[in-house]
>>> print(open('entry.txt').read())   # compact mmCIF, C-alpha atoms
# COMPACT_ATOMS: atom_id res chain seq x y z
CA MET R 1 4.06 -54.18 37.69
CA GLN R 2 6.18 -56.12 40.16
CA ARG R 3 5.95 -59.89 39.77
CA ILE R 4 4.03 -61.55 42.61
CA LEU R 5 6.19 -64.42 43.87
CA LEU R 6 3.25 -66.16 45.54
CA LEU R 7 1.57 -66.60 42.15
CA ASP R 8 4.67 -68.31 40.74
CA ILE R 9 4.77 -70.64 43.75
CA LEU R 10 1.09 -71.49 43.40
CA ARG R 11 1.48 -71.99 39.66
CA GLY R 12 4.41 -74.33 40.26
CA PHE R 13 2.40 -76.43 42.71
CA ALA R 14 -0.50 -76.49 40.24
CA ILE R 15 1.73 -77.87 37.47
CA ILE R 16 3.27 -80.50 39.74
CA GLY R 17 -0.11 -81.45 41.18
CA THR R 18 -1.67 -81.76 37.73
CA LEU R 19 1.02 -84.30 36.90
CA GLY R 20 -0.08 -86.14 40.04
CA THR R 21 -3.40 -86.77 38.27
CA ASN R 22 -2.03 -87.35 34.77
CA ILE R 23 0.64 -89.84 35.88
CA TRP R 24 -2.08 -92.49 36.33
CA ILE R 25 -3.23 -91.99 32.74
CA PHE R 26 0.25 -92.74 31.46
CA ALA R 27 0.94 -95.58 33.90
CA SER R 28 -2.33 -97.40 33.26
CA VAL R 29 -2.11 -97.06 29.44
CA GLY R 30 -5.90 -97.05 29.25
CA GLU R 31 -6.58 -99.99 31.58
CA ILE R 32 -8.09 -97.83 34.33
CA ASP R 33 -10.24 -94.76 34.35
CA PHE R 34 -8.21 -91.83 35.61
CA ILE R 35 -11.26 -90.48 37.43
CA THR R 36 -12.55 -93.55 39.24
CA GLY R 37 -9.32 -95.50 39.69
CA GLN R 38 -8.63 -99.19 39.06
CA ALA R 39 -11.62 -100.65 37.27
CA GLY R 40 -13.60 -102.94 39.55
CA VAL R 41 -11.10 -102.68 42.44
CA PRO R 42 -12.34 -101.06 45.70
CA PHE R 43 -9.85 -98.82 47.47
CA TRP R 44 -9.67 -101.14 50.49
CA ALA R 45 -8.81 -104.22 48.42
CA SER R 46 -5.05 -103.83 48.81
CA ALA R 47 -2.35 -101.48 50.01
CA GLU R 48 -1.60 -100.51 46.41
CA ALA R 49 -5.25 -99.73 45.65
CA MET R 50 -5.39 -97.64 48.81
CA VAL R 51 -2.27 -95.69 47.86
CA GLN R 52 -3.70 -94.94 44.42
CA SER R 53 -7.09 -93.99 45.83
CA LEU R 54 -5.68 -91.69 48.52
CA PHE R 55 -3.23 -90.10 46.09
CA THR R 56 -6.06 -89.47 43.66
CA LEU R 57 -8.32 -88.19 46.44
CA PHE R 58 -5.78 -85.50 47.35
CA VAL R 59 -4.74 -84.41 43.85
CA ASN R 60 -7.47 -85.30 41.33
CA GLY R 61 -9.01 -82.07 40.06
CA LYS R 62 -7.70 -79.93 42.92
CA PHE R 63 -4.54 -78.73 41.23
CA LEU R 64 -6.28 -78.54 37.86
CA GLY R 65 -8.84 -76.26 39.54
CA MET R 66 -5.97 -74.24 41.00
CA LEU R 67 -4.33 -73.95 37.59
CA THR R 68 -7.63 -72.79 36.07
CA ILE R 69 -8.09 -70.11 38.74
CA LEU R 70 -4.50 -68.95 38.19
CA PHE R 71 -5.17 -68.61 34.46
CA GLY R 72 -7.90 -66.16 35.42
CA VAL R 73 -5.43 -64.31 37.63
CA GLY R 74 -3.02 -64.11 34.71
CA LEU R 75 -5.77 -62.75 32.49
CA GLU R 76 -6.46 -59.95 34.97
CA ILE R 77 -2.74 -59.13 35.18
CA LYS R 78 -2.56 -58.84 31.38
CA ARG R 79 -5.69 -56.66 31.35
CA ARG R 80 -4.10 -54.29 33.86
CA GLN R 81 -0.91 -54.22 31.83
CA ALA R 82 -2.86 -53.27 28.70
CA GLU R 83 -4.66 -50.57 30.68
CA ARG R 84 -1.37 -49.08 31.95
CA GLN R 85 0.10 -49.10 28.45
CA LEU R 86 -3.05 -47.50 27.00
CA ARG R 87 -3.62 -50.47 24.71
CA PRO R 88 -7.10 -51.69 23.70
CA TRP R 89 -8.50 -54.69 25.53
CA PRO R 90 -8.73 -57.54 24.73
CA GLY R 91 -6.67 -56.59 21.66
CA ILE R 92 -3.46 -58.62 21.57
CA TYR R 93 -4.83 -61.01 24.20
CA ILE R 94 -7.07 -62.60 21.57
CA TRP R 95 -4.01 -63.39 19.47
CA SER R 96 -2.28 -64.75 22.55
CA SER R 97 -5.29 -66.99 23.26
CA PHE R 98 -5.23 -68.23 19.66
CA LEU R 99 -1.57 -69.17 20.14
CA LEU R 100 -2.57 -71.05 23.30
CA PHE R 101 -5.23 -72.92 21.34
CA LEU R 102 -2.70 -73.79 18.65
CA ASP R 103 -0.20 -74.92 21.27
CA GLY R 104 -2.88 -77.07 22.90
CA LEU R 105 -3.85 -78.60 19.55
CA ILE R 106 -0.25 -79.52 18.77
CA HIS R 107 0.21 -80.88 22.29
CA PHE R 108 -3.00 -82.92 21.95
CA ILE R 109 -1.97 -84.44 18.64
CA LEU R 110 1.69 -85.13 19.40
CA VAL R 111 1.76 -85.81 23.16
CA MET R 112 -1.41 -86.24 25.18
CA GLU R 113 -5.12 -86.66 24.42
CA TYR R 114 -6.27 -85.08 27.69
CA ASP R 115 -4.63 -81.71 27.11
CA VAL R 116 -6.53 -78.82 28.70
CA LEU R 117 -4.91 -75.86 26.91
CA MET R 118 -7.40 -75.78 24.05
CA SER R 119 -10.26 -75.46 26.52
CA TYR R 120 -8.40 -72.72 28.38
CA ALA R 121 -7.87 -70.81 25.14
CA VAL R 122 -11.58 -70.78 24.27
CA THR R 123 -12.43 -69.82 27.86
CA ALA R 124 -9.86 -67.01 27.82
CA ILE R 125 -11.43 -65.41 24.76
CA ILE R 126 -14.90 -65.51 26.35
CA VAL R 127 -13.72 -64.18 29.72
CA ALA R 128 -11.60 -61.46 28.09
CA TYR R 129 -14.82 -59.75 26.99
CA ILE R 130 -16.69 -60.42 30.24
CA VAL R 131 -14.06 -58.63 32.36
CA LYS R 132 -14.70 -55.44 30.40
CA ARG R 133 -18.11 -55.25 32.04
CA SER R 134 -19.05 -54.06 35.51
CA THR R 135 -18.45 -56.07 38.68
CA LYS R 136 -22.17 -56.82 38.81
CA ALA R 137 -22.09 -58.23 35.28
CA ILE R 138 -19.06 -60.36 36.14
CA LYS R 139 -20.84 -61.81 39.18
CA TRP R 140 -23.90 -62.60 37.07
CA ALA R 141 -21.66 -64.33 34.53
CA MET R 142 -20.19 -66.42 37.35
CA ILE R 143 -23.66 -67.39 38.56
CA ILE R 144 -24.85 -68.34 35.07
CA ALA R 145 -21.70 -70.33 34.21
CA GLY R 146 -21.73 -72.06 37.61
CA SER R 147 -25.42 -72.95 37.32
CA ILE R 148 -24.94 -74.47 33.86
CA HIS R 149 -22.00 -76.51 35.10
CA VAL R 150 -23.78 -77.75 38.24
CA ALA R 151 -26.91 -78.66 36.26
CA PHE R 152 -24.85 -80.65 33.78
CA MET R 153 -23.01 -82.48 36.57
CA ILE R 154 -26.29 -83.36 38.29
CA MET R 155 -27.68 -84.79 35.06
CA LEU R 156 -24.47 -86.74 34.44
CA THR R 157 -24.47 -88.12 38.00
CA MET R 158 -28.10 -89.19 37.66
CA ALA R 159 -27.33 -90.89 34.35
CA MET R 160 -24.40 -92.74 35.90
CA SER R 161 -26.47 -93.86 38.90
CA SER R 162 -29.14 -95.26 36.57
CA GLY R 163 -26.57 -97.03 34.43
CA ASP R 164 -27.27 -94.92 31.34
CA ALA R 165 -23.73 -93.51 31.38
CA THR R 166 -20.46 -95.23 32.19
CA MET R 167 -16.78 -94.38 32.12
CA GLY R 168 -15.01 -97.29 30.54
CA ALA R 169 -11.35 -97.95 29.92
CA MET R 170 -9.75 -97.40 26.52
CA ASP R 171 -8.20 -99.88 24.13
CA THR R 172 -4.62 -100.26 25.35
CA ALA R 173 -2.93 -101.74 22.27
CA VAL R 174 -2.04 -98.39 20.73
CA TYR R 175 -0.25 -97.40 23.96
CA THR R 176 1.49 -100.70 24.67
CA THR R 177 2.54 -101.97 21.27
CA GLY R 178 1.82 -99.09 18.90
CA SER R 179 4.37 -96.60 17.65
CA TRP R 180 4.34 -92.89 18.43
CA TRP R 181 2.82 -92.27 15.00
CA ASP R 182 0.08 -94.83 15.73
CA GLN R 183 -0.86 -92.76 18.79
CA VAL R 184 -0.95 -89.59 16.73
CA LEU R 185 -3.35 -91.20 14.25
CA PHE R 186 -5.40 -92.66 17.11
CA ARG R 187 -5.92 -89.22 18.65
CA LEU R 188 -6.93 -87.73 15.32
CA GLU R 189 -9.34 -90.59 14.64
CA HIS R 190 -11.02 -90.13 18.04
CA PHE R 191 -10.67 -86.35 18.12
CA LEU R 192 -14.25 -85.54 19.22
CA ILE R 193 -14.30 -88.25 21.89
CA PHE R 194 -11.04 -87.08 23.43
CA ARG R 195 -12.11 -83.42 23.23
CA ALA R 196 -15.47 -84.02 24.94
CA GLU R 197 -14.09 -83.13 28.38
CA ALA R 198 -12.44 -79.98 27.04
CA ILE R 199 -15.84 -78.84 25.77
CA PHE R 200 -18.10 -79.66 28.70
CA ILE R 201 -15.77 -78.04 31.28
CA ILE R 202 -15.93 -74.63 29.58
CA PRO R 203 -18.71 -73.33 31.91
CA MET R 204 -16.63 -74.47 34.90
CA ASN R 205 -13.56 -72.82 33.40
CA ILE R 206 -15.43 -69.55 32.96
CA LEU R 207 -16.48 -69.64 36.61
CA LEU R 208 -12.94 -70.38 37.80
CA PHE R 209 -11.30 -67.86 35.47
CA LEU R 210 -13.62 -65.17 36.81
CA THR R 211 -12.94 -66.38 40.36
CA GLY R 212 -9.25 -65.75 39.70
CA VAL R 213 -10.06 -62.30 38.29
CA MET R 214 -12.10 -61.36 41.36
CA LEU R 215 -9.49 -62.72 43.76
CA MET R 216 -6.81 -60.64 42.03
CA ARG R 217 -8.96 -57.52 42.18
CA SER R 218 -9.69 -58.07 45.87
CA GLY R 219 -5.98 -58.27 46.73
CA ALA R 220 -6.05 -61.94 47.77
CA PHE R 221 -2.43 -62.51 46.73
CA ALA R 222 -0.94 -59.46 48.40
CA ALA R 223 1.49 -59.91 51.28
CA ASP R 224 -0.36 -57.39 53.48
CA GLU R 225 -2.92 -58.10 56.19
CA LYS R 226 -5.83 -57.70 53.81
CA GLY R 227 -4.45 -60.42 51.55
CA LYS R 228 -3.87 -62.73 54.50
CA ALA R 229 -7.42 -62.15 55.75
CA ILE R 230 -8.86 -63.06 52.33
CA ARG R 231 -6.73 -66.19 52.19
CA ARG R 232 -7.99 -67.22 55.64
CA LYS R 233 -11.53 -67.07 54.26
CA MET R 234 -10.42 -69.11 51.25
CA LEU R 235 -9.00 -71.72 53.61
CA ILE R 236 -12.20 -71.92 55.64
CA TRP R 237 -14.47 -72.25 52.62
CA GLY R 238 -12.15 -74.49 50.63
CA ILE R 239 -11.11 -76.97 53.31
CA GLY R 240 -14.11 -76.55 55.58
CA VAL R 241 -16.72 -77.11 52.86
CA GLY R 242 -14.84 -78.87 50.07
CA GLY R 243 -13.17 -81.33 52.44
CA PRO R 244 -16.37 -82.84 53.95
CA LEU R 245 -17.94 -83.08 50.49
CA HIS R 246 -15.15 -85.47 49.52
CA LEU R 247 -16.47 -87.94 52.09
CA LEU R 248 -19.24 -88.62 49.59
CA VAL R 249 -16.60 -89.99 47.22
CA ILE R 250 -15.45 -92.47 49.86
CA ALA R 251 -19.06 -93.55 50.42
CA SER R 252 -19.73 -94.08 46.71
CA PRO R 253 -16.66 -93.71 44.44
CA GLU R 254 -18.43 -94.60 41.20
CA LEU R 255 -21.39 -92.29 41.80
CA PHE R 256 -19.51 -89.21 43.03
CA ALA R 257 -16.27 -89.58 41.08
CA MET R 258 -17.29 -86.96 38.52
CA SER R 259 -18.57 -84.62 41.22
CA GLN R 260 -15.29 -85.02 43.08
CA ARG R 261 -13.27 -83.85 40.08
CA TYR R 262 -15.57 -81.21 38.65
CA LEU R 263 -17.59 -79.88 41.63
CA PHE R 264 -15.85 -80.53 44.94
CA ALA R 265 -12.25 -80.27 43.74
CA PRO R 266 -12.43 -76.66 42.44
CA LEU R 267 -13.83 -75.59 45.81
CA LEU R 268 -11.08 -77.45 47.63
CA ALA R 269 -8.55 -75.79 45.30
CA LEU R 270 -9.25 -72.47 47.01
CA GLY R 271 -8.30 -74.05 50.32
CA TYR R 272 -5.17 -75.56 48.80
CA MET R 273 -4.10 -72.15 47.51
CA ALA R 274 -4.56 -70.55 50.91
CA LEU R 275 -2.79 -73.40 52.70
CA ILE R 276 0.18 -73.35 50.34
CA ALA R 277 0.42 -69.56 50.68
CA LYS R 278 0.52 -69.93 54.47
CA LEU R 279 3.20 -72.60 54.38
CA MET R 280 5.32 -70.76 51.82
CA GLU R 281 5.19 -67.23 53.25
CA LYS R 282 8.89 -67.06 54.08
CA ARG R 283 10.23 -67.80 50.62
CA GLU R 284 13.82 -66.81 51.36
CA GLU R 285 13.96 -69.40 54.15
CA ASN R 286 12.05 -72.09 52.27
CA TRP R 287 14.05 -74.28 49.89
CA LEU R 288 10.95 -75.99 48.49
CA ALA R 289 9.21 -72.70 47.77
CA ALA R 290 12.26 -71.43 45.87
CA ARG R 291 12.37 -74.59 43.71
CA VAL R 292 8.63 -74.64 43.02
CA GLU R 293 8.70 -70.94 42.17
CA LYS R 294 11.08 -71.67 39.28
CA VAL R 295 8.68 -74.32 37.96
CA GLY R 296 5.89 -71.73 38.16
CA LYS R 297 7.91 -69.23 36.15
CA MET R 298 8.25 -71.85 33.42
CA ALA R 299 4.75 -73.30 33.84
CA LEU R 300 4.01 -73.87 30.14
CA SER R 301 7.40 -75.42 29.43
CA CYS R 302 7.20 -77.65 32.51
CA TYR R 303 3.63 -78.73 31.70
CA ILE R 304 4.62 -79.87 28.21
CA MET R 305 7.89 -81.35 29.39
CA GLN R 306 6.32 -83.45 32.16
CA ASN R 307 3.85 -85.04 29.73
CA ILE R 308 6.63 -85.83 27.24
CA LEU R 309 8.72 -87.43 29.99
CA ALA R 310 5.77 -89.51 31.22
CA SER R 311 5.07 -90.67 27.66
CA ILE R 312 8.68 -91.76 27.22
CA ILE R 313 8.67 -93.65 30.53
CA PHE R 314 5.43 -95.59 30.16
CA TYR R 315 4.42 -95.95 26.52
CA GLY R 316 5.47 -98.77 24.21
CA TRP R 317 7.41 -96.52 21.84
CA GLY R 318 9.49 -95.24 24.79
CA LEU R 319 10.98 -97.14 27.73
CA ASN R 320 7.87 -99.35 27.74
CA LEU R 321 7.60 -99.50 31.54
CA HIS R 322 3.82 -99.79 31.67
CA GLY R 323 4.17 -103.50 32.45
CA PHE R 324 6.40 -102.77 35.42
CA ALA R 325 3.94 -100.10 36.52
CA LYS R 326 1.08 -102.59 36.34
CA ALA R 327 3.01 -105.13 38.43
CA HIS R 328 3.88 -102.52 41.05
CA PHE R 329 0.74 -100.42 41.06
CA ALA R 330 0.66 -97.89 42.65
CA TRP R 331 4.18 -97.52 44.04
CA PHE R 332 5.91 -97.20 40.68
CA PRO R 333 3.68 -94.39 39.29
CA VAL R 334 4.20 -92.40 42.50
CA ALA R 335 7.95 -92.93 42.23
CA MET R 336 7.92 -91.79 38.59
CA TRP R 337 5.87 -88.75 39.57
CA LEU R 338 8.53 -87.82 42.13
CA LEU R 339 11.31 -88.42 39.59
CA ILE R 340 9.70 -86.15 37.00
CA VAL R 341 9.08 -83.47 39.64
CA VAL R 342 12.78 -83.53 40.58
CA ILE R 343 13.75 -83.28 36.90
CA LEU R 344 11.43 -80.30 36.42
CA MET R 345 12.87 -78.53 39.47
CA MET R 346 16.45 -79.12 38.36
CA PHE R 347 15.77 -78.14 34.76
CA SER R 348 13.89 -74.93 35.62
CA HIS R 349 16.53 -73.95 38.21
CA VAL R 350 19.42 -74.35 35.76
CA TRP R 351 17.56 -72.85 32.79
CA LEU R 352 16.55 -69.68 34.64
CA ARG R 353 20.14 -69.10 35.71
CA TYR R 354 20.96 -68.33 32.06
CA PHE R 355 17.64 -67.22 30.57
CA LYS R 356 14.81 -64.99 31.76
CA LEU R 357 12.06 -67.11 30.19
CA GLY R 358 11.40 -70.80 29.69
CA PRO R 359 11.86 -72.14 26.12
CA PHE R 360 8.14 -72.26 25.29
CA GLU R 361 7.51 -68.99 27.11
CA TRP R 362 10.22 -67.37 24.96
CA VAL R 363 8.62 -68.66 21.74
CA TRP R 364 5.23 -67.47 23.02
CA LYS R 365 6.59 -63.98 23.67
CA GLN R 366 8.21 -63.79 20.24
CA MET R 367 5.01 -64.87 18.49
CA THR R 368 2.91 -62.45 20.53
CA SER R 369 5.26 -59.53 19.89
CA LEU R 370 4.80 -59.91 16.14
CA THR R 371 1.47 -58.13 16.37
CA VAL R 372 2.37 -55.53 18.99
CA LYS R 373 2.80 -52.09 17.50
CA PRO R 374 5.30 -49.68 19.07
CA LYS R 375 3.71 -47.48 21.69
CA PRO R 376 3.31 -43.93 20.41
CA ILE R 377 5.52 -41.35 22.08
CA ALA R 378 3.62 -38.44 23.56
CA PRO R 379 4.81 -34.99 22.37
CA THR R 380 7.11 -33.20 24.78
CA ASN R 381 5.69 -30.10 26.45
CA ASN R 382 8.50 -27.53 26.74
CA LYS R 383 6.42 -24.94 28.53
CA HIS R 384 7.44 -24.15 32.09
CA MET R 385 4.88 -23.91 34.81
>>> encode(input="entry.txt", output="structure tokens")
Amino acid sequence: MQRILLLDILRGFAIIGTLGTNIWIFASVGEIDFITGQAGVPFWASAEAMVQSLFTLFVNGKFLGMLTILFGVGLEIKRRQAERQLRPWPGIYIWSSFLLFLDGLIHFILVMEYDVLMSYAVTAIIVAYIVKRSTKAIKWAMIIAGSIHVAFMIMLTMAMSSGDATMGAMDTAVYTTGSWWDQVLFRLEHFLIFRAEAIFIIPMNILLFLTGVMLMRSGAFAADEKGKAIRRKMLIWGIGVGGPLHLLVIASPELFAMSQRYLFAPLLALGYMALIAKLMEKREENWLAARVEKVGKMALSCYIMQNILASIIFYGWGLNLHGFAKAHFAWFPVAMWLLIVVILMMFSHVWLRYFKLGPFEWVWKQMTSLTVKPKPIAPTNNKHM
């Protein structure tokens, strides 16, 4: 199956955009909530607060939603590959998902407490069995998963509005003065707390994975007129509906912050995907598309690498620049985001000149291939027609 360049471009933007959300986690070292922004500071209070709020408004949850949808697309591509090679499904994909879970667990312990890979791995196993069913069954699964997620978000929003639930900042000492090993122990000690998000977003992930599956089956990423027509609908629904819903966040940031990230943002992600596809159609004439495409081809490596770089820049055991970030909030985090993006683009461009796969992608392929049995060779028929 020929590789779809648009998917690599979208995946690259999703990785870069996800860093746009995570950079505030690293820069704030626990002093702000990465969902609601600077604690107790309205977005109009200063130019810096406005920059942070607008940046968050455009990236928070949107690119994570895009990445989740693209995981579903990747699942469908692997299912088709197994079908062409006459291999059982989900078969080896379960082992691949287990490796993803293990990778996410290691990443969580050693690098970042808000890792999403473990949640994706559990979702992938569930969805791998759902996609074996009929289209009708898949749509029912989407409705059920979506309903559970929406119901949970409504209850959470009501609890927050009544004051029964809050999103407070974390203790910052372990990030500012603690060693790298102190952070590892801190994550293990608060394992269930830090993994709460990864658990409650599983229904949303199922919905978005299956959305990616259905988009792939409908031909939404094809370069033909049918694909363009589907993407136009994605743009209308994503921007036209998801965009106005974000006005609620401006009206009441504290109340609708969770809805922005977990309800409105995934819808807007569809519009982002369609808009990016429109802007990046002429890849051979688009320098940015060519650079982002390389990041997309090394998505796993770049995702892990960007979080390691951000940790080194901001945390006490690294360059310890969280104090500078606090004094120049939000200009410095944005500048560091741009710096890391440039590093990712340069690294992926140079690496792929010499290797076909990113370093973590290569390890992944080697581990996956351990359980793949050689495809049986069909007997040759020497009879002439």
>>> atom_distance(input="entry.txt", atom1="atom CA of R:Ala277", atom2="atom CA of R:Glu83")
28.0 Å
>>> axis_aligned_box(input="entry.txt", around="stretch 189-204 of chain R", padding_each_side="5 Å", output="lines of an AutoDock Vina configuration file")
center_x = -14.0
center_y = -82.0
center_z = 24.8
size_x = 19.4
size_y = 27.3
size_z = 30.3
>>> atom_distance(input="entry.txt", atom1="atom CA of R:Met298", atom2="atom CA of R:Asn320")
28.1 Å
>>> atom_distance(input="entry.txt", atom1="atom CA of R:Ile276", atom2="atom CA of R:Ile343")
21.5 Å
>>> closest_atom_pairs(input="entry.txt", of="stretch 277-363 of chain R", to="stretch 174-189 of chain R", cutoff="7 Å", atoms="all atoms listed in the file", output="CSV")
residue,atom,partner,partner_atom,distance
R:Tyr315,CA,R:Tyr175,CA,5.5
R:Gly316,CA,R:Thr176,CA,4.4
R:Trp317,CA,R:Ser179,CA,5.2
>>> residues_around(input="entry.txt", residues="R:Ile202", least_positions_apart="4", cutoff="9 Å", atoms="only C-alpha atoms", output="list in words")
Ser119, Tyr120, Val122, Thr123, Ala145, His149, Glu197, Ala198, Ile206 and Leu207 of chain R
>>> closest_residue(input="entry.txt", among="R:Thr68, R:Met345, R:Phe152, R:Ala128", to="R:Ala82", atoms="only C-alpha atoms")
R:Ala128
>>> residues_around(input="entry.txt", residues="R:Met273", least_positions_apart="6", cutoff="8 Å", atoms="all atoms listed in the file", output="number ranges by chain")
R: 10, 66, 234-235
>>> residues_around(input="entry.txt", residues="R:Arg231", least_positions_apart="3", cutoff="9 Å", atoms="only C-alpha atoms", output="list in words")
Ala220, Phe221, Lys226, Gly227, Lys228, Met234, Leu235, Ile236, Leu270, Gly271, Met273, Ala274, Leu275, Ala277 and Lys278 of chain R
>>> build_atoms(input="entry.txt", residues="stretch 189-211 of chain R", atoms="N, CA and C atoms", output="short mmCIF file (atom, residue, chain, number, x, y, z; two decimals), keeping the file's coordinate frame")
data_model
loop_
_atom_site.label_atom_id
_atom_site.label_comp_id
_atom_site.auth_asym_id
_atom_site.auth_seq_id
_atom_site.Cartn_x
_atom_site.Cartn_y
_atom_site.Cartn_z
N GLU R 189 -8.16 -89.79 14.97
CA GLU R 189 -9.34 -90.59 14.64
C GLU R 189 -10.44 -90.43 15.67
N HIS R 190 -10.05 -90.26 16.95
CA HIS R 190 -11.02 -90.13 18.04
C HIS R 190 -11.02 -88.70 18.60
N PHE R 191 -10.83 -87.75 17.71
CA PHE R 191 -10.67 -86.35 18.12
C PHE R 191 -11.85 -85.87 18.97
N LEU R 192 -13.07 -86.05 18.52
CA LEU R 192 -14.25 -85.54 19.22
C LEU R 192 -14.45 -86.23 20.56
N ILE R 193 -14.17 -87.52 20.62
CA ILE R 193 -14.30 -88.25 21.89
C ILE R 193 -13.31 -87.72 22.93
N PHE R 194 -12.07 -87.56 22.51
CA PHE R 194 -11.04 -87.08 23.43
C PHE R 194 -11.21 -85.61 23.78
N ARG R 195 -11.91 -84.84 22.95
CA ARG R 195 -12.11 -83.42 23.23
C ARG R 195 -13.43 -83.15 23.95
N ALA R 196 -14.18 -84.20 24.28
CA ALA R 196 -15.47 -84.02 24.94
C ALA R 196 -15.31 -83.32 26.29
N GLU R 197 -14.32 -83.75 27.07
CA GLU R 197 -14.09 -83.13 28.38
C GLU R 197 -13.73 -81.65 28.21
N ALA R 198 -12.87 -81.36 27.26
CA ALA R 198 -12.44 -79.98 27.04
C ALA R 198 -13.61 -79.06 26.72
N ILE R 199 -14.66 -79.63 26.12
CA ILE R 199 -15.84 -78.84 25.77
C ILE R 199 -16.77 -78.66 26.96
N PHE R 200 -17.09 -79.77 27.66
CA PHE R 200 -18.10 -79.66 28.70
C PHE R 200 -17.60 -78.94 29.96
N ILE R 201 -16.27 -78.77 30.11
CA ILE R 201 -15.77 -78.04 31.28
C ILE R 201 -15.67 -76.54 31.05
N ILE R 202 -16.04 -76.06 29.85
CA ILE R 202 -15.93 -74.63 29.58
C ILE R 202 -16.74 -73.77 30.56
N PRO R 203 -18.00 -74.12 30.89
CA PRO R 203 -18.71 -73.33 31.91
C PRO R 203 -17.97 -73.30 33.25
N MET R 204 -17.42 -74.44 33.67
CA MET R 204 -16.63 -74.47 34.90
C MET R 204 -15.40 -73.59 34.77
N ASN R 205 -14.74 -73.65 33.62
CA ASN R 205 -13.56 -72.82 33.40
C ASN R 205 -13.89 -71.34 33.48
N ILE R 206 -15.02 -70.95 32.90
CA ILE R 206 -15.43 -69.55 32.96
C ILE R 206 -15.61 -69.10 34.40
N LEU R 207 -16.28 -69.94 35.19
CA LEU R 207 -16.48 -69.64 36.61
C LEU R 207 -15.14 -69.49 37.33
N LEU R 208 -14.22 -70.41 37.10
CA LEU R 208 -12.94 -70.38 37.80
C LEU R 208 -12.03 -69.28 37.30
N PHE R 209 -12.06 -69.00 36.00
CA PHE R 209 -11.30 -67.86 35.47
C PHE R 209 -11.76 -66.57 36.15
N LEU R 210 -13.08 -66.39 36.20
CA LEU R 210 -13.62 -65.17 36.81
C LEU R 210 -13.37 -65.15 38.32
N THR R 211 -13.32 -66.31 38.93
CA THR R 211 -12.94 -66.38 40.36
C THR R 211 -11.53 -65.85 40.54
#
